[in-house]
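Okay, so here's the structure we're looking at.
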Amino acid sequence: MNTTPRRGMGERLLDAVEWVGNKLPDPVFLFLGCALLVMALSAVGASMGWEVQPVRPAIVTEPLLDASGAPLLDAQGAPQTRPVLDAKGAPVVELQSAGDPVRPRSLLSSEGLWWALQSMVSNFINFPPLGIVLAGMLGIGVAEKVGFFAAAMKWLALITPGKLLTPMIVFIGVMSNVASDAGYIVLPPLAAALYLALGRPPVVGIAAAFAGVSAGFSANLLISATDALMAGLTTAGARILDPNYTVNPTCNWYFLAASTFLLTLVGWAVTAWLVEPRLMKRVPEQGGPVPRSASELNQQRLSPGEQRGLMLALVAELAALAIVLALVLVPGWPLHGPVSDAPSAAPKWTQAVIPLIIFLFLAPALAYGWAVGEIRSQKDIAKAFTHAMAQMAPIIVLAFFAGQFIAYFRYSNLDQMLAFTGGKALVDAQLPPSLLLVGIVVLTATVNLFMGSMSAKWTMLSPILVPMLMMTGMSPELTQAAYRVGDSVTNVITPLNSYLVIILVALQRYNRSAGMGTLIATMLPYALVFGVLWTIFLVAWVALGLPLGPDTNLQYIPAG
């Protein structure tokens, strides 16, 4: 009798994606190969004269004439003009060239090779997640070394209903973006350990956490520094058409808050119906569930020493939280108030998230280690720090090559050329409003595969999309909302996500043969389902006429 579980078409497709992806070289050589490919494309583009003309929307004007038909002049003697209006009384806008054409910069030229060699170290050092991860792991690594995580996972496994574990992980992941990129560092390893403690595939925990943190990056119940950054860039785009227009950082709050609950449910469904059933069929060496014997289940109970350690760790953590709250809330203290006097300035504490993570993990870890006898002197603490850095060796190696690839792509100008080409094509398509929203999401999600930085993409796209879509009656706030949907959903499958290598290393801890194909195949269902349902949610939101945020309109109505 054949007892092999039957696999549906979707599982076979994902298995094929994984098989093909894992035939790619080791991630180190994959990033090296991508860097070499960018070098080759930049050289080909430069030799063939590739170029993309940057464009900016401009209001069409006509000269003001006096009764005799002569041009009216201003005080400086320059001809006066007025906007040309369409049938609806709105200014006519057309795309006009803005600056010199963008051309590829060859990385195989003498100058390009010189830049690649002299910037190699800085490309590595400036790789976005490197310093954040290494610093953040000081506290997390000590907590792991002394056994604090293991004991905490046992406790959580005992009190968390298995059916609610996944939505809890996804929700925490979505909410973690208020603390910038800290969720990438903290949540996946914690989720993996918790799933392992419950006898479920640890890779499922990593996938659910990564989906919430990355594919749901834009959603949140709270306003963060990201909202202020996006509002500033959208304002700059809107003022190309309307010099007095201002976008508030809270402009998408209602929509993104509601999206938090939507994505939690969607992430739960994708995990329960697509991801976990597939991984449950794997052996433990391939990321599947680890069988638990009766004796092993008994070992999940906390020993008296572990209970005492956790109690002391709780006291230490409460004390650490009290100190942090005082630093944030007491006037005049280091983390109180905004970074500057600007209206959209971020709170100071958001710029110190990583040091706070170190402190908030180190305090309970040291207390626990002292209680259970793992820490007896400062030498034990130093050894724990060294252990934390040793765990980071694979990430450091990957970061070197990933940093070169991302820097080469940016230097070559290929990222800008892609953004300008896609943005102009979307505007030229002249789609109806609902399809425009879908188009913005698809365009952004596609560009996101090749250009990871949220702010860099929006810096280039907003001056094109925002004013042109204002002319169709779409408000800048609505354009921004569509952009944020597209900017999030493909984060989990793009190699240009700086933190993808960190998730891959966490995955390889439970599946040593895992490659980029394994990770992409695991996360592809989240990217596709999040993309489709979140876009439908946005279109339905607009169709119902619901406000995106406080004092925010869906339509743009020109002043006057």
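By convention here, the chains of the structure tokens are called A, B, ... in the order presented, each chain's residues are numbered starting at 1, and ligands are numbered starting at 1 in the order presented.
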Task: Picked from segment 154-313 of chain A by DSSP as alpha helix (DSSP H), as a VMD selection string - done: chain A and resid 154 to 159 162 to 175 182 to 197 202 to 210 225 to 238 253 to 270 276 to 280 294 to 299 304 to 313
Export of prior selection with C-alpha atoms as a JSON list (two decimals), in the first residue's frame:
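As written to disk, selection_14.json reads:
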```json
[["chain", "number", "residue", "atom", "x", "y", "z"],
["A", 154, "LYS", "CA", 9.32, 26.14, 26.75],
["A", 155, "TRP", "CA", 7.18, 28.57, 28.73],
["A", 156, "LEU", "CA", 5.56, 30.04, 25.61],
["A", 157, "ALA", "CA", 4.90, 26.55, 24.25],
["A", 158, "LEU", "CA", 3.05, 25.68, 27.43],
["A", 159, "ILE", "CA", 0.79, 28.76, 27.44],
["A", 162, "GLY", "CA", -1.33, 25.93, 18.96],
["A", 163, "LYS", "CA", -4.12, 27.25, 16.74],
["A", 164, "LEU", "CA", -3.28, 30.87, 17.59],
["A", 165, "LEU", "CA", 0.49, 30.64, 17.26],
["A", 166, "THR", "CA", 0.62, 31.54, 13.56],
["A", 167, "PRO", "CA", -1.65, 34.62, 13.67],
["A", 168, "MET", "CA", 0.25, 35.84, 16.73],
["A", 169, "ILE", "CA", 3.58, 35.53, 14.88],
["A", 170, "VAL", "CA", 2.28, 37.22, 11.71],
["A", 171, "PHE", "CA", 0.66, 40.05, 13.67],
["A", 172, "ILE", "CA", 3.81, 40.73, 15.69],
["A", 173, "GLY", "CA", 5.80, 40.68, 12.45],
["A", 174, "VAL", "CA", 3.56, 43.28, 10.82],
["A", 175, "MET", "CA", 3.67, 45.46, 13.90],
["A", 182, "ALA", "CA", 14.43, 45.09, 14.09],
["A", 183, "GLY", "CA", 11.77, 42.49, 13.28],
["A", 184, "TYR", "CA", 14.06, 40.84, 10.73],
["A", 185, "ILE", "CA", 16.63, 40.18, 13.44],
["A", 186, "VAL", "CA", 14.54, 39.22, 16.44],
["A", 187, "LEU", "CA", 11.36, 37.50, 15.29],
["A", 188, "PRO", "CA", 12.33, 34.70, 12.82],
["A", 189, "PRO", "CA", 14.70, 32.83, 15.18],
["A", 190, "LEU", "CA", 12.25, 33.24, 18.05],
["A", 191, "ALA", "CA", 9.36, 31.93, 15.93],
["A", 192, "ALA", "CA", 11.44, 28.96, 14.70],
["A", 193, "ALA", "CA", 12.34, 27.96, 18.26],
["A", 194, "LEU", "CA", 8.73, 28.26, 19.35],
["A", 195, "TYR", "CA", 7.44, 26.07, 16.50],
["A", 196, "LEU", "CA", 10.17, 23.54, 17.23],
["A", 197, "ALA", "CA", 9.12, 23.42, 20.88],
["A", 202, "PRO", "CA", 10.58, 25.36, 12.59],
["A", 203, "VAL", "CA", 10.80, 26.64, 9.01],
["A", 204, "VAL", "CA", 7.07, 27.43, 9.22],
["A", 205, "GLY", "CA", 7.81, 29.81, 12.08],
["A", 206, "ILE", "CA", 10.52, 31.53, 10.03],
["A", 207, "ALA", "CA", 8.18, 31.82, 7.03],
["A", 208, "ALA", "CA", 5.26, 33.25, 9.04],
["A", 209, "ALA", "CA", 7.52, 35.74, 10.80],
["A", 210, "PHE", "CA", 9.26, 36.80, 7.57],
["A", 225, "ALA", "CA", 9.16, 57.24, 10.96],
["A", 226, "THR", "CA", 8.50, 55.50, 7.63],
["A", 227, "ASP", "CA", 5.16, 57.30, 7.33],
["A", 228, "ALA", "CA", 6.86, 60.66, 7.79],
["A", 229, "LEU", "CA", 9.49, 59.82, 5.18],
["A", 230, "MET", "CA", 6.89, 58.70, 2.64],
["A", 231, "ALA", "CA", 4.74, 61.78, 3.23],
["A", 232, "GLY", "CA", 7.68, 64.08, 2.55],
["A", 233, "LEU", "CA", 8.51, 62.39, -0.75],
["A", 234, "THR", "CA", 4.85, 62.37, -1.83],
["A", 235, "THR", "CA", 4.53, 66.05, -0.95],
["A", 236, "ALA", "CA", 7.51, 66.85, -3.19],
["A", 237, "GLY", "CA", 5.84, 65.00, -6.07],
["A", 238, "ALA", "CA", 2.47, 66.68, -5.52],
["A", 253, "TRP", "CA", -3.30, 55.48, 8.69],
["A", 254, "TYR", "CA", -6.88, 54.10, 8.50],
["A", 255, "PHE", "CA", -6.13, 51.95, 5.48],
["A", 256, "LEU", "CA", -2.82, 50.59, 6.81],
["A", 257, "ALA", "CA", -4.30, 49.91, 10.25],
["A", 258, "ALA", "CA", -7.14, 47.90, 8.68],
["A", 259, "SER", "CA", -4.55, 46.19, 6.46],
["A", 260, "THR", "CA", -2.77, 44.96, 9.59],
["A", 261, "PHE", "CA", -5.73, 42.77, 10.50],
["A", 262, "LEU", "CA", -6.26, 41.72, 6.88],
["A", 263, "LEU", "CA", -2.64, 40.60, 6.48],
["A", 264, "THR", "CA", -2.70, 38.79, 9.81],
["A", 265, "LEU", "CA", -5.66, 36.70, 8.62],
["A", 266, "VAL", "CA", -4.22, 36.22, 5.14],
["A", 267, "GLY", "CA", -0.82, 35.24, 6.53],
["A", 268, "TRP", "CA", -2.52, 32.78, 8.88],
["A", 269, "ALA", "CA", -4.46, 31.23, 6.00],
["A", 270, "VAL", "CA", -1.46, 30.96, 3.68],
["A", 276, "GLU", "CA", 2.74, 24.21, 6.70],
["A", 277, "PRO", "CA", 1.05, 21.22, 4.97],
["A", 278, "ARG", "CA", 3.91, 21.16, 2.46],
["A", 279, "LEU", "CA", 6.60, 21.29, 5.14],
["A", 280, "MET", "CA", 4.85, 18.77, 7.39],
["A", 294, "ALA", "CA", 7.19, 11.08, 25.62],
["A", 295, "SER", "CA", 10.48, 11.74, 27.40],
["A", 296, "GLU", "CA", 11.23, 14.70, 25.16],
["A", 297, "LEU", "CA", 7.79, 16.16, 25.81],
["A", 298, "ASN", "CA", 8.41, 15.81, 29.55],
["A", 299, "GLN", "CA", 11.66, 17.71, 29.06],
["A", 304, "PRO", "CA", 12.87, 24.58, 39.21],
["A", 305, "GLY", "CA", 16.12, 26.28, 38.18],
["A", 306, "GLU", "CA", 14.64, 27.43, 34.88],
["A", 307, "GLN", "CA", 11.54, 28.74, 36.65],
["A", 308, "ARG", "CA", 13.70, 30.69, 39.09],
["A", 309, "GLY", "CA", 15.81, 32.02, 36.22],
["A", 310, "LEU", "CA", 12.77, 33.16, 34.26],
["A", 311, "MET", "CA", 11.33, 34.94, 37.29],
["A", 312, "LEU", "CA", 14.57, 36.83, 37.82],
["A", 313, "ALA", "CA", 14.76, 37.55, 34.07]]
```
Open item on the list: List the spatial neighbours of Val92 of chain A as a count of residues only - criterion: any atom at most 8 Å away, only C-alpha atoms, same-chain residues fewer than 6 positions off excluded.
Closed with: 7
Within 8 Å of Leu138 of chain A, counting only C-alpha atoms, which residues show up once you throw out same-chain ones fewer than 6 positions away? Write them as an mmCIF file with C-alpha atoms, in the first residue's frame, please.
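The resulting file, out.cif, is shown below:
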```cif
data_model
loop_
_atom_site.group_PDB
_atom_site.id
_atom_site.type_symbol
_atom_site.label_atom_id
_atom_site.label_comp_id
_atom_site.auth_asym_id
_atom_site.auth_seq_id
_atom_site.Cartn_x
_atom_site.Cartn_y
_atom_site.Cartn_z
ATOM 1 C CA ILE A 358 20.703 45.033 22.912
ATOM 2 C CA LEU A 362 20.908 41.603 27.566
ATOM 3 C CA PHE A 385 29.530 37.776 23.263
ATOM 4 C CA ALA A 388 27.066 35.538 19.395
ATOM 5 C CA MET A 389 29.580 36.807 16.827
#
```
Task: Close residues, segment 530-534 of chain A itself excluded, 12 Å, only C-alpha atoms, min 4 positions apart in chain, as a ChimeraX atom specification - done: /A:211-212,214-219,255-256,258-271,437-438,440-446,481-492,523-526,538-541
- [ ] Compare A:Asn248, A:Gln404, A:Asn448, A:Ser412 by their minimum atom-to-atom distance to Leu496 of chain A, counting only C-alpha atoms, and give me the closest one.
- [x] A:Asn448
TODO: Quote the spacing between atom CA of Leu507 of chain A and atom CA of Ile396 of chain A in Å to one decimal place.
DONE: 15.9 Å
TODO: With a distance cut-off of 9 Å and only C-alpha atoms, select the neighbouring residues of Gly45 of chain A, excluding the residue or stretch itself and same-chain residues fewer than 6 positions from it, and output the selection as a PyMOL selection string.
DONE: chain A and resi 51+103-106
Keeping N, CA and C atoms for every residue in the selection just given, could you write it to a file as a compact mmCIF listing (two decimals), in the first residue's frame?
```txt
# COMPACT_ATOMS: atom_id res chain seq x y z
N GLU A 51 19.90 54.62 -23.20
CA GLU A 51 19.61 55.81 -22.40
C GLU A 51 18.12 55.89 -22.12
N ARG A 103 22.20 57.36 -18.55
CA ARG A 103 22.89 56.32 -19.31
C ARG A 103 23.61 55.38 -18.36
N PRO A 104 23.82 54.14 -18.79
CA PRO A 104 24.56 53.21 -17.93
C PRO A 104 26.00 53.67 -17.75
N ARG A 105 26.51 53.45 -16.56
CA ARG A 105 27.93 53.67 -16.30
C ARG A 105 28.61 52.30 -16.30
N SER A 106 29.53 52.12 -17.20
CA SER A 106 30.17 50.81 -17.34
C SER A 106 31.08 50.51 -16.16
```
Exercise: Asp380 of chain A partners within 12 Å, only C-alpha atoms, chain neighbours under 6 positions left out, as a PDB file with N, CA and C atoms, in the first residue's frame:
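Result file follows (part.pdb):
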```pdb
ATOM      1  N   VAL A 142      23.745  36.385  23.475  1.00  0.00           N
ATOM      2  CA  VAL A 142      23.962  36.064  24.887  1.00  0.00           C
ATOM      3  C   VAL A 142      22.736  35.344  25.445  1.00  0.00           C
ATOM      4  N   LYS A 145      22.965  31.812  24.291  1.00  0.00           N
ATOM      5  CA  LYS A 145      24.076  31.069  24.875  1.00  0.00           C
ATOM      6  C   LYS A 145      23.781  30.597  26.300  1.00  0.00           C
ATOM      7  N   VAL A 146      23.162  31.441  27.100  1.00  0.00           N
ATOM      8  CA  VAL A 146      22.935  31.083  28.512  1.00  0.00           C
ATOM      9  C   VAL A 146      21.687  30.225  28.698  1.00  0.00           C
ATOM     10  N   LEU A 366      21.337  38.181  31.142  1.00  0.00           N
ATOM     11  CA  LEU A 366      22.336  38.159  32.217  1.00  0.00           C
ATOM     12  C   LEU A 366      21.716  37.707  33.532  1.00  0.00           C
ATOM     13  N   GLY A 369      21.147  33.942  33.197  1.00  0.00           N
ATOM     14  CA  GLY A 369      22.418  33.230  33.239  1.00  0.00           C
ATOM     15  C   GLY A 369      23.001  33.167  34.637  1.00  0.00           C
ATOM     16  N   TRP A 370      22.873  34.257  35.379  1.00  0.00           N
ATOM     17  CA  TRP A 370      23.371  34.273  36.764  1.00  0.00           C
ATOM     18  C   TRP A 370      22.555  33.328  37.638  1.00  0.00           C
ATOM     19  N   GLY A 373      23.444  29.648  36.835  1.00  0.00           N
ATOM     20  CA  GLY A 373      24.856  29.307  36.973  1.00  0.00           C
ATOM     21  C   GLY A 373      25.656  29.327  35.692  1.00  0.00           C
ATOM     22  N   GLU A 374      25.064  29.816  34.592  1.00  0.00           N
ATOM     23  CA  GLU A 374      25.802  29.898  33.332  1.00  0.00           C
ATOM     24  C   GLU A 374      26.767  31.073  33.316  1.00  0.00           C
ATOM     25  N   THR A 386      31.344  36.441  22.345  1.00  0.00           N
ATOM     26  CA  THR A 386      32.093  35.794  21.270  1.00  0.00           C
ATOM     27  C   THR A 386      31.243  34.745  20.572  1.00  0.00           C
ATOM     28  N   HIS A 387      30.463  33.988  21.358  1.00  0.00           N
ATOM     29  CA  HIS A 387      29.551  32.997  20.775  1.00  0.00           C
ATOM     30  C   HIS A 387      28.556  33.665  19.832  1.00  0.00           C
TER      31      HIS A 387
END
```
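Here atom CA of Met516 of chain A is placed at a distance of 14.0 Å from atom CA of Gln286 of chain A.
Minimum atom-to-atom distance to Glu285 of chain A, evaluated using only C-alpha atoms, belongs to A:Pro201 out of A:Gly549, A:Pro161, A:Pro394, A:Pro201.
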